[in-house]
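Below is input_1.cif, holding mmCIF, C-alpha atoms.
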```cif
data_start
loop_
_atom_site.label_atom_id
_atom_site.label_comp_id
_atom_site.auth_asym_id
_atom_site.auth_seq_id
_atom_site.Cartn_x
_atom_site.Cartn_y
_atom_site.Cartn_z
CA MET A 1 0.00 0.00 0.00
CA PRO A 2 1.49 3.42 -0.97
CA ARG A 3 2.50 5.96 1.64
CA ASP A 4 0.02 8.43 0.23
CA PHE A 5 -2.93 6.09 0.67
CA GLY A 6 -4.45 8.73 2.94
CA VAL A 7 -4.58 11.19 0.03
CA ALA A 8 -6.11 8.54 -2.21
CA TYR A 9 -8.66 7.72 0.50
CA VAL A 10 -9.59 11.40 0.93
CA SER A 11 -9.93 11.79 -2.86
CA SER A 12 -12.29 8.82 -2.93
CA PHE A 13 -14.16 10.12 0.12
CA VAL A 14 -14.65 13.64 -1.27
CA ALA A 15 -15.65 12.48 -4.76
CA SER A 16 -18.23 10.06 -3.36
CA PHE A 17 -19.53 12.70 -0.96
CA LEU A 18 -20.02 15.17 -3.81
CA GLN A 19 -21.59 12.51 -6.01
CA SER A 20 -24.08 11.53 -3.30
CA VAL A 21 -25.23 15.10 -2.58
CA PHE A 22 -25.14 16.23 -6.22
CA ILE A 23 -28.02 14.13 -7.55
CA PRO A 24 -30.55 15.11 -4.83
CA THR A 25 -29.47 18.75 -5.13
CA LEU A 26 -29.82 18.58 -8.90
CA VAL A 27 -33.22 16.89 -8.71
CA VAL A 28 -34.69 19.38 -6.24
CA TYR A 29 -33.14 22.34 -8.09
CA ALA A 30 -34.64 21.15 -11.38
CA TYR A 31 -38.01 20.52 -9.73
CA LEU A 32 -38.05 24.02 -8.26
CA SER A 33 -37.11 25.33 -11.72
CA SER A 34 -40.51 23.99 -12.89
CA LEU A 35 -39.15 20.98 -14.76
CA ARG A 36 -41.42 17.95 -14.93
CA GLU A 37 -40.58 14.54 -13.47
CA LEU A 38 -39.92 13.03 -16.90
CA GLU A 39 -37.62 15.93 -17.83
CA ILE A 40 -35.67 15.47 -14.60
CA SER A 41 -35.29 11.73 -15.22
CA LEU A 42 -34.05 12.52 -18.74
CA ILE A 43 -31.44 14.90 -17.29
CA THR A 44 -30.11 12.39 -14.77
CA GLY A 45 -30.23 9.63 -17.37
CA PHE A 46 -28.73 11.35 -20.41
CA ALA A 47 -26.12 13.19 -18.35
CA SER A 48 -24.98 9.78 -17.16
CA LEU A 49 -24.31 8.77 -20.77
CA VAL A 50 -21.41 11.25 -20.74
CA TYR A 51 -20.00 9.26 -17.80
CA ILE A 52 -19.35 6.36 -20.20
CA PRO A 53 -16.89 8.00 -22.65
CA GLY A 54 -15.17 9.58 -19.65
CA ALA A 55 -14.71 6.17 -18.06
CA LEU A 56 -13.56 4.56 -21.32
CA ALA A 57 -11.02 7.34 -21.90
CA SER A 58 -9.68 7.02 -18.37
CA ALA A 59 -7.53 3.93 -19.06
CA GLY A 60 -5.70 5.61 -21.93
CA LEU A 61 -5.22 8.79 -19.95
CA TYR A 62 -3.91 6.80 -17.00
CA SER A 63 -1.12 5.26 -19.07
CA ARG A 64 -0.16 8.62 -20.62
CA ILE A 65 -0.36 11.16 -17.81
CA GLY A 66 -0.47 9.00 -14.66
CA ALA A 67 -2.74 8.79 -11.65
CA ARG A 68 -1.97 12.17 -10.11
CA ARG A 69 -2.61 14.28 -13.19
CA ILE A 70 -5.78 12.50 -14.21
CA ILE A 71 -7.28 12.77 -10.71
CA VAL A 72 -6.38 16.46 -10.49
CA LEU A 73 -7.88 16.98 -13.97
CA ALA A 74 -11.06 15.18 -12.96
CA PHE A 75 -11.57 17.38 -9.90
CA GLY A 76 -10.95 20.47 -12.03
CA ILE A 77 -13.64 19.43 -14.50
CA LEU A 78 -15.93 18.59 -11.59
CA ALA A 79 -15.50 22.09 -10.17
CA ALA A 80 -16.33 23.62 -13.56
CA GLY A 81 -19.47 21.51 -13.94
CA LEU A 82 -20.75 22.32 -10.48
CA ALA A 83 -20.08 26.04 -10.97
CA ALA A 84 -21.93 25.92 -14.31
CA HIS A 85 -25.16 25.16 -12.43
CA LEU A 86 -25.08 28.72 -11.10
CA PHE A 87 -25.90 29.87 -14.65
CA SER A 88 -28.31 27.05 -15.57
CA HIS A 89 -32.06 27.64 -15.41
CA ASP A 90 -33.74 25.53 -18.12
CA PHE A 91 -33.74 21.92 -19.30
CA TYR A 92 -30.85 22.20 -21.75
CA SER A 93 -28.52 24.31 -19.61
CA ILE A 94 -29.07 22.11 -16.56
CA LEU A 95 -28.49 19.02 -18.72
CA LEU A 96 -25.20 20.48 -20.01
CA ALA A 97 -23.96 21.38 -16.52
CA ALA A 98 -24.93 17.96 -15.13
CA SER A 99 -23.18 16.27 -18.05
CA ILE A 100 -19.91 18.04 -17.23
CA VAL A 101 -20.16 16.80 -13.64
CA LEU A 102 -20.80 13.21 -14.72
CA LEU A 103 -17.98 13.39 -17.29
CA SER A 104 -15.51 14.30 -14.56
CA LEU A 105 -16.65 11.45 -12.34
CA GLY A 106 -16.41 9.05 -15.26
CA VAL A 107 -12.77 10.02 -15.73
CA PHE A 108 -12.03 9.95 -12.00
CA TRP A 109 -13.30 6.60 -10.74
CA PRO A 110 -11.49 4.17 -13.09
CA ALA A 111 -8.22 6.03 -12.48
CA LEU A 112 -8.60 5.81 -8.72
CA GLU A 113 -9.73 2.17 -8.88
CA THR A 114 -6.67 1.29 -10.98
CA TYR A 115 -4.43 3.19 -8.58
CA MET A 116 -5.92 1.31 -5.63
CA SER A 117 -5.71 -2.03 -7.41
CA HIS A 118 -1.98 -1.60 -8.21
CA SER A 119 -1.36 -0.56 -4.62
CA GLY A 120 -2.70 -3.90 -3.34
CA THR A 121 -5.82 -2.51 -1.73
CA SER A 122 -8.56 -5.03 -0.93
CA VAL A 123 -12.06 -4.78 -2.38
CA SER A 124 -13.45 -4.17 1.12
CA LEU A 125 -11.08 -1.32 1.95
CA PHE A 126 -11.56 0.48 -1.35
CA SER A 127 -15.34 0.03 -1.31
CA PHE A 128 -15.43 1.30 2.28
CA SER A 129 -13.37 4.38 1.36
CA TRP A 130 -15.80 5.69 -1.21
CA SER A 131 -18.95 4.42 0.48
CA SER A 132 -18.12 6.27 3.72
CA GLY A 133 -18.08 9.52 1.74
CA SER A 134 -21.46 8.67 0.28
CA LEU A 135 -22.66 7.89 3.78
CA LEU A 136 -21.77 11.34 5.08
CA GLY A 137 -23.41 12.90 2.04
CA ALA A 138 -26.59 10.95 2.64
CA PHE A 139 -26.64 11.97 6.30
CA LEU A 140 -26.32 15.66 5.40
CA THR A 141 -28.57 15.69 2.32
CA SER A 142 -31.80 16.81 3.98
CA THR A 143 -30.00 19.54 5.92
CA LEU A 144 -28.17 20.77 2.82
CA LEU A 145 -31.36 20.85 0.75
CA ARG A 146 -32.76 23.46 3.11
CA PHE A 147 -30.16 25.91 1.75
CA ASP A 148 -30.35 27.73 -1.57
CA ALA A 149 -29.23 25.36 -4.35
CA ARG A 150 -26.91 27.95 -5.90
CA LEU A 151 -25.05 28.33 -2.62
CA LEU A 152 -24.71 24.55 -2.48
CA PHE A 153 -23.35 24.30 -6.03
CA ALA A 154 -20.83 27.07 -5.28
CA SER A 155 -19.72 25.26 -2.10
CA TYR A 156 -19.41 21.94 -3.92
CA ALA A 157 -17.28 23.61 -6.61
CA LEU A 158 -14.98 25.14 -3.99
CA LEU A 159 -14.54 21.76 -2.28
CA SER A 160 -13.62 20.25 -5.67
CA VAL A 161 -10.92 22.87 -6.21
CA ILE A 162 -9.47 22.23 -2.74
CA GLN A 163 -9.43 18.49 -3.40
CA ALA A 164 -7.70 19.01 -6.77
CA LEU A 165 -4.89 20.80 -4.95
CA LEU A 166 -4.66 18.03 -2.34
CA ALA A 167 -4.51 15.38 -5.08
CA LEU A 168 -1.23 16.91 -6.28
CA LYS A 169 0.36 15.01 -3.37
CA LEU A 170 -0.50 11.62 -4.87
CA ASN A 171 2.46 9.36 -5.64
CA GLU A 172 3.03 9.34 -9.40
CA LYS A 173 5.00 6.10 -9.22
CA VAL A 174 1.90 3.96 -8.73
CA SER A 175 1.17 3.79 -12.42
CA VAL A 176 1.66 1.57 -15.44
CA ASN A 177 3.30 1.85 -18.80
CA GLU A 178 1.59 1.54 -22.17
CA SER A 179 2.69 -2.06 -22.77
CA GLU A 180 1.05 -3.18 -19.53
CA VAL A 181 -2.20 -1.50 -20.50
CA LYS A 182 -2.25 -3.31 -23.84
CA HIS A 183 -1.52 -6.70 -22.27
CA ASP A 184 -4.50 -9.03 -21.90
CA ASN A 185 -7.09 -6.28 -22.07
CA ASN A 186 -8.81 -6.95 -25.38
CA ILE A 187 -12.23 -5.33 -25.09
CA PHE A 188 -14.04 -8.35 -26.53
CA SER A 189 -12.45 -10.78 -24.09
CA LEU A 190 -13.30 -8.49 -21.18
CA LEU A 191 -16.90 -8.17 -22.32
CA LEU A 192 -17.17 -11.96 -22.22
CA LEU A 193 -16.90 -11.75 -18.43
CA VAL A 194 -20.60 -10.75 -18.61
CA THR A 195 -21.45 -11.17 -14.91
CA PRO A 196 -19.70 -8.05 -13.52
CA TRP A 197 -21.17 -5.91 -16.29
CA LEU A 198 -24.72 -7.14 -15.63
CA TYR A 199 -24.14 -6.58 -11.92
CA CYS A 200 -22.98 -3.01 -12.62
CA LEU A 201 -26.20 -2.36 -14.54
CA ALA A 202 -28.29 -3.87 -11.74
CA TYR A 203 -26.50 -1.94 -9.01
CA ALA A 204 -26.76 1.37 -10.87
CA SER A 205 -30.43 0.84 -11.72
CA SER A 206 -31.26 0.31 -8.05
CA ALA A 207 -29.17 3.24 -6.79
CA SER A 208 -30.32 5.68 -9.48
CA GLY A 209 -33.94 4.76 -8.85
CA VAL A 210 -33.67 5.71 -5.19
CA PHE A 211 -31.46 8.79 -5.65
CA THR A 212 -33.53 10.22 -8.50
CA PHE A 213 -37.10 9.36 -7.65
CA TYR A 214 -37.34 9.27 -3.87
CA PRO A 215 -36.63 13.03 -3.53
CA LEU A 216 -39.32 13.60 -6.18
CA PHE A 217 -41.70 11.34 -4.25
CA VAL A 218 -41.04 13.40 -1.12
CA GLU A 219 -41.57 16.73 -2.94
CA ARG A 220 -44.65 15.48 -4.78
CA ASN A 221 -46.34 14.29 -1.57
CA GLY A 222 -45.28 17.22 0.60
CA LEU A 223 -43.30 15.05 3.00
CA SER A 224 -40.50 16.26 5.24
CA LYS A 225 -37.12 16.44 3.52
CA ASP A 226 -35.79 14.41 6.43
CA TYR A 227 -37.16 11.34 4.67
CA ILE A 228 -34.58 11.83 1.91
CA SER A 229 -31.67 11.60 4.30
CA LEU A 230 -33.36 8.80 6.23
CA VAL A 231 -33.61 6.67 3.10
CA ASN A 232 -30.23 7.55 1.60
CA PHE A 233 -28.35 7.24 4.88
CA SER A 234 -29.95 3.91 5.83
CA MET A 235 -29.31 2.47 2.37
CA LEU A 236 -25.70 3.63 2.27
CA LEU A 237 -25.01 2.61 5.87
CA SER A 238 -26.13 -0.92 5.07
CA ARG A 239 -24.08 -0.88 1.85
CA THR A 240 -21.00 0.42 3.68
CA ILE A 241 -21.26 -2.27 6.37
CA THR A 242 -21.63 -4.89 3.64
CA PHE A 243 -18.52 -3.57 1.89
CA PHE A 244 -16.46 -3.47 5.09
CA PHE A 245 -17.30 -7.03 6.13
CA TYR A 246 -17.76 -8.47 2.63
CA GLU A 247 -14.76 -10.81 2.74
CA ARG A 248 -15.77 -12.04 6.21
CA ILE A 249 -19.47 -12.54 5.53
CA PRO A 250 -20.44 -16.23 5.14
CA VAL A 251 -20.86 -17.22 1.51
CA LEU A 252 -24.50 -18.17 2.00
CA VAL A 253 -25.29 -14.74 3.45
CA ARG A 254 -23.68 -12.86 0.57
CA ASP A 255 -25.29 -15.05 -2.07
CA PRO A 256 -25.84 -12.91 -5.21
CA LEU A 257 -29.15 -14.68 -5.86
CA LEU A 258 -30.49 -13.55 -2.48
CA ALA A 259 -29.17 -10.04 -3.08
CA SER A 260 -30.78 -9.95 -6.53
CA ALA A 261 -34.17 -10.90 -5.12
CA LEU A 262 -33.93 -8.19 -2.46
CA PHE A 263 -33.79 -5.49 -5.12
CA LEU A 264 -37.57 -5.86 -5.37
CA VAL A 265 -37.91 -4.51 -1.82
CA GLY A 266 -37.30 -1.06 -3.34
CA GLY A 267 -40.92 -0.97 -4.50
CA PHE A 268 -42.03 -0.83 -0.86
CA LEU A 269 -40.33 2.54 -0.27
CA THR A 270 -43.27 4.49 -1.65
CA LYS A 271 -45.84 2.35 0.20
CA THR A 272 -44.98 3.41 3.74
CA GLN A 273 -44.12 6.52 5.70
CA GLN A 274 -43.38 4.69 8.95
CA PRO A 275 -39.78 5.60 9.80
CA LEU A 276 -38.80 2.13 11.05
CA LEU A 277 -40.19 0.42 7.95
CA VAL A 278 -38.52 3.02 5.73
CA VAL A 279 -35.18 2.33 7.45
CA LEU A 280 -35.56 -1.45 7.20
CA THR A 281 -36.51 -1.27 3.53
CA SER A 282 -33.61 1.04 2.73
CA MET A 283 -31.13 -1.18 4.55
CA LEU A 284 -32.25 -4.25 2.63
CA ILE A 285 -31.77 -2.34 -0.63
CA GLY A 286 -28.32 -1.25 0.55
CA TYR A 287 -27.38 -4.84 1.39
CA ALA A 288 -28.39 -5.99 -2.09
CA GLN A 289 -26.40 -3.20 -3.72
CA GLY A 290 -23.36 -3.93 -1.54
CA VAL A 291 -23.23 -7.63 -2.37
CA ILE A 292 -23.77 -7.14 -6.09
CA TYR A 293 -21.25 -4.29 -6.39
CA ALA A 294 -18.55 -6.01 -4.32
CA THR A 295 -18.97 -9.30 -6.19
CA ALA A 296 -18.57 -7.48 -9.51
CA LEU A 297 -15.55 -5.46 -8.35
CA GLU A 298 -13.89 -8.56 -6.91
CA GLN A 299 -13.95 -10.15 -10.36
CA VAL A 300 -12.52 -6.99 -11.94
CA PHE A 301 -9.69 -6.63 -9.40
CA LYS A 302 -8.69 -10.26 -10.05
CA ARG A 303 -7.80 -9.35 -13.63
CA GLY A 304 -4.22 -8.41 -12.63
CA GLN A 305 -2.68 -7.04 -15.83
CA GLY A 306 -5.37 -5.45 -17.91
CA VAL A 307 -7.19 -4.12 -14.86
CA GLU A 308 -6.99 -0.58 -16.30
CA ARG A 309 -9.34 -1.43 -19.14
CA ALA A 310 -11.48 -3.62 -16.87
CA THR A 311 -12.04 -0.79 -14.36
CA SER A 312 -12.95 1.54 -17.24
CA LEU A 313 -15.57 -0.95 -18.41
CA PHE A 314 -16.72 -1.41 -14.82
CA GLU A 315 -17.45 2.30 -14.45
CA SER A 316 -18.86 2.51 -17.99
CA PHE A 317 -21.50 -0.09 -17.23
CA ILE A 318 -22.34 1.67 -13.96
CA GLY A 319 -22.74 4.85 -16.00
CA LEU A 320 -24.92 2.98 -18.50
CA GLY A 321 -27.14 1.76 -15.67
CA TYR A 322 -27.50 5.31 -14.35
CA ALA A 323 -28.24 6.45 -17.91
CA ILE A 324 -30.97 4.00 -18.91
CA ALA A 325 -32.81 3.28 -15.66
CA PRO A 326 -34.14 6.78 -14.78
CA PRO A 327 -35.57 7.62 -18.25
CA ILE A 328 -37.17 4.17 -18.63
CA SER A 329 -38.56 4.32 -15.10
CA GLY A 330 -39.75 7.89 -15.60
CA LEU A 331 -41.48 6.86 -18.83
CA SER A 332 -43.18 3.99 -16.99
CA HIS A 333 -44.67 6.56 -14.63
CA VAL A 334 -46.11 8.53 -17.58
CA LEU A 335 -47.37 5.56 -19.60
CA LEU A 336 -48.23 2.98 -16.94
CA HIS A 337 -48.69 5.21 -13.88
CA ALA A 338 -46.19 2.96 -12.10
CA GLU A 339 -44.01 4.27 -9.31
CA PRO A 340 -40.56 4.82 -10.91
CA ILE A 341 -38.71 3.33 -7.91
CA SER A 342 -40.72 0.12 -8.22
CA PHE A 343 -39.95 -0.10 -11.93
CA SER A 344 -36.21 0.53 -11.45
CA SER A 345 -36.19 -2.14 -8.72
CA MET A 346 -37.67 -4.64 -11.15
CA LEU A 347 -35.08 -3.65 -13.76
CA SER A 348 -32.33 -4.34 -11.21
CA LEU A 349 -33.61 -7.85 -10.62
CA LEU A 350 -33.96 -8.58 -14.34
CA MET A 351 -30.37 -7.45 -14.95
CA ALA A 352 -28.84 -9.27 -11.98
CA LEU A 353 -30.48 -12.67 -12.45
CA PRO A 354 -28.75 -13.65 -15.73
CA GLY A 355 -25.41 -12.55 -14.26
CA THR A 356 -26.00 -14.73 -11.20
CA ILE A 357 -26.84 -17.76 -13.35
CA ILE A 358 -23.62 -17.32 -15.35
CA TYR A 359 -21.63 -16.67 -12.15
CA ARG A 360 -22.86 -19.92 -10.56
CA ARG A 361 -22.23 -21.98 -13.68
CA ARG A 362 -18.64 -20.74 -13.84
CA LYS A 363 -18.07 -21.52 -10.16
CA ILE A 364 -19.36 -25.06 -10.67
CA LYS A 365 -17.17 -25.45 -13.78
CA ASN A 366 -14.07 -24.17 -11.98
CA ALA A 367 -14.72 -26.40 -8.98
CA SER A 368 -15.01 -29.51 -11.15
CA SER A 369 -11.91 -28.77 -13.26
#
```

If you convert what's in this file into structure tokens, what do you get?
Amino acid sequence: MPRDFGVAYVSSFVASFLQSVFIPTLVVYAYLSSLRELEISLITGFASLVYIPGALASAGLYSRIGARRIIVLAFGILAAGLAAHLFSHDFYSILLAASIVLLSLGVFWPALETYMSHSGTSVSLFSFSWSSGSLLGAFLTSTLLRFDARLLFASYALLSVIQALLALKLNEKVSVNESEVKHDNNIFSLLLLVTPWLYCLAYASSASGVFTFYPLFVERNGLSKDYISLVNFSMLLSRTITFFFYERIPVLVRDPLLASALFLVGGFLTKTQQPLLVVLTSMLIGYAQGVIYATALEQVFKRGQGVERATSLFESFIGLGYAIAPPISGLSHVLLHAEPISFSSMLSLLMALPGTIIYRRRKIKNASS
């Protein structure tokens, strides 16, 4: 593990914190700007498409400019995107500003994941590092949303600038050369892994459904904003605990099939306003997300050489899940009058099940060989 792991941890923590508070802030800001629910889901969905080319480009940038420069660059772009919201008031300008933010995060996460992987970090420790930032963001979300959104965007941008300066202290030596990146990382062969990519889609569909549509559910029904933090914090707390203990959890308890089935619990979120039931439901969703995400990342980290391209694909499929789930779920609300969270929960199950079947078949094959 590198000496500057603390800087890498803080970078992960800050980026995940900003990512967790950005979506609810964006959703509420857009809602108060008189945008409709479908328009908001299109913004969060289509902006996430920009995440994908950012993630795919990250591997090439990593080999050319190294971890430190790419992470500093990502935080610089993030600051610009957040600041752009101060001048965004309609659908297209908000979409553009949100796209810049998601582009920066797409560039950032594969670079940091590769850096952590080469440093020998475990899946649990890395997952805990970014999830703890999300956890703090979830805890503060309801409080932050009581402030003017423009003040929040300005504060987020300032924090990004500060973190970019801190990231200059990252060790440039934890990197790879071009020949290593080209070794054993043929895109087609990586795509044949299938299971982690389906799990990324399932994870992102579940998370984006909650982050996008629960704040809208709260606003639409005139509920206290405290419900937003209650749901997000409970979900992320459960996910963080799952990440931290993942490698010590009995195999039967972290069975991906069980986790996949629990995605459906998300549909219950809009059926109750009892705090204890809301917490329990959110924690079950968080557990499912934690198992599916960690199982997918574990397979990616095992790639060894070629992990740069694998982490780029990992983040690209997460971005794809964030891109397709909100618009489809939002459209289901318009056409079928279905609750978007329920629809995105069903999508998560449908995406995770085939991956679990393939995952189990490969385990049986490997055990018998």

**Report entry** Picked residues, the PyMOL selection byres ((chain A and resi 282-286) around 9), as a PyMOL selection string
**Finding:** chain A and resi 206-207+230-240+242+259+262-266+269+277-281+287-291

Query raised in the report: How many Å separate atom CA of A:Phe213 from atom CA of A:Asp226?
Result: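 Going from atom CA of A:Phe213 over to atom CA of A:Asp226 covers 15.0 Å.
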
Query raised in the report: So, counting only C-alpha atoms, which residue among A:Ala167, A:Ala8, A:Ala79, A:Ile249 is closest to A:Ser129?
Result: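 Selected residue with least distance to A:Ser129: A:Ala8.
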
Requested in this report: Evaluate the PyMOL selection byres ((chain A and resi 156-165) around 9) on the structure here and hand back the selected residues as a list in words.
Outcome: Val10, Ser11, Val14, Ala15, Leu18, Phe22, Ile71, Val72, Leu73, Ala74, Phe75, Gly76, Ile77, Leu78, Ala79, Ala80, Gly81, Leu82, Ala83, Leu151, Leu152, Phe153, Ala154, Ser155, Leu166, Ala167, Leu168 and Lys169 of chain A

Report task. Tell me which residues the PyMOL selection byres ((chain A and resi 52) around 8) grabs here, as a list of chain:residue names. Result ->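 When the PyMOL selection byres ((chain A and resi 52) around 8) is applied, the selected residues are A:Ser48, A:Leu49, A:Val50, A:Tyr51, A:Pro53, A:Gly54, A:Ala55, A:Leu56, A:Leu103, A:Gly106, A:Glu315, A:Ser316, A:Phe317, A:Gly319, A:Leu320.
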
**Report entry** Top pick for closest residue to A:Phe126, considering A:Trp109, A:Tyr203, A:Tyr92, A:Tyr31 and counting only C-alpha atoms
**Finding:** A:Trp109

Query raised in the report: Counting all atoms listed in the file, what is within 12 Å of stretch 348-358 of chain A, bar same-chain residues fewer than 4 positions away, as a PyMOL selection string?
Result: chain A and resi 192-210+255-267+285+288-289+291-293+295-296+317-318+321-322+324-326+329+341-344+362-365

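Of the listed residues A:Thr114, A:Gln19, A:Thr141, A:Ser134, the one whose atoms come nearest to A:Ser63 is A:Thr114, with distances taken using only C-alpha atoms.
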
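In this structure, atom CA of A:Tyr62 sits 26.5 Å away from atom CA of A:Gly45.
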
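In this structure, atom CA of A:Val253 sits 28.4 Å away from atom CA of A:Phe17.
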
Requested in this report: Return the single residue from A:Glu39, A:Asp148, A:Thr270, A:Lys302 that is closest to A:Arg220, with distances computed using only C-alpha atoms.
Outcome: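 Closest residue, counting only C-alpha atoms: A:Thr270.
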
For stretch 110-115 of chain A, I'd like the enclosing box, axis-aligned and padded by 5 Å on every side, reported as AutoDock Vina command-line options with centre and edge lengths in Å to one decimal.
```
--center_x -8.0 --center_y 3.7 --center_z -10.8 --size_x 17.1 --size_y 14.7 --size_z 14.5
```

**Report entry** Nearest-residue call for A:Ala294, choices A:Arg146, A:Arg254, A:Arg360, A:Arg309, using only C-alpha atoms
**Finding:**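 Nearest to A:Ala294: A:Arg254.
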
Requested in this report: Select, from A:Glu339, A:Met116, A:Ala149, A:Leu135, the residue with the minimum atom-to-atom distance to A:Lys271, counting only C-alpha atoms.
Outcome: A:Glu339
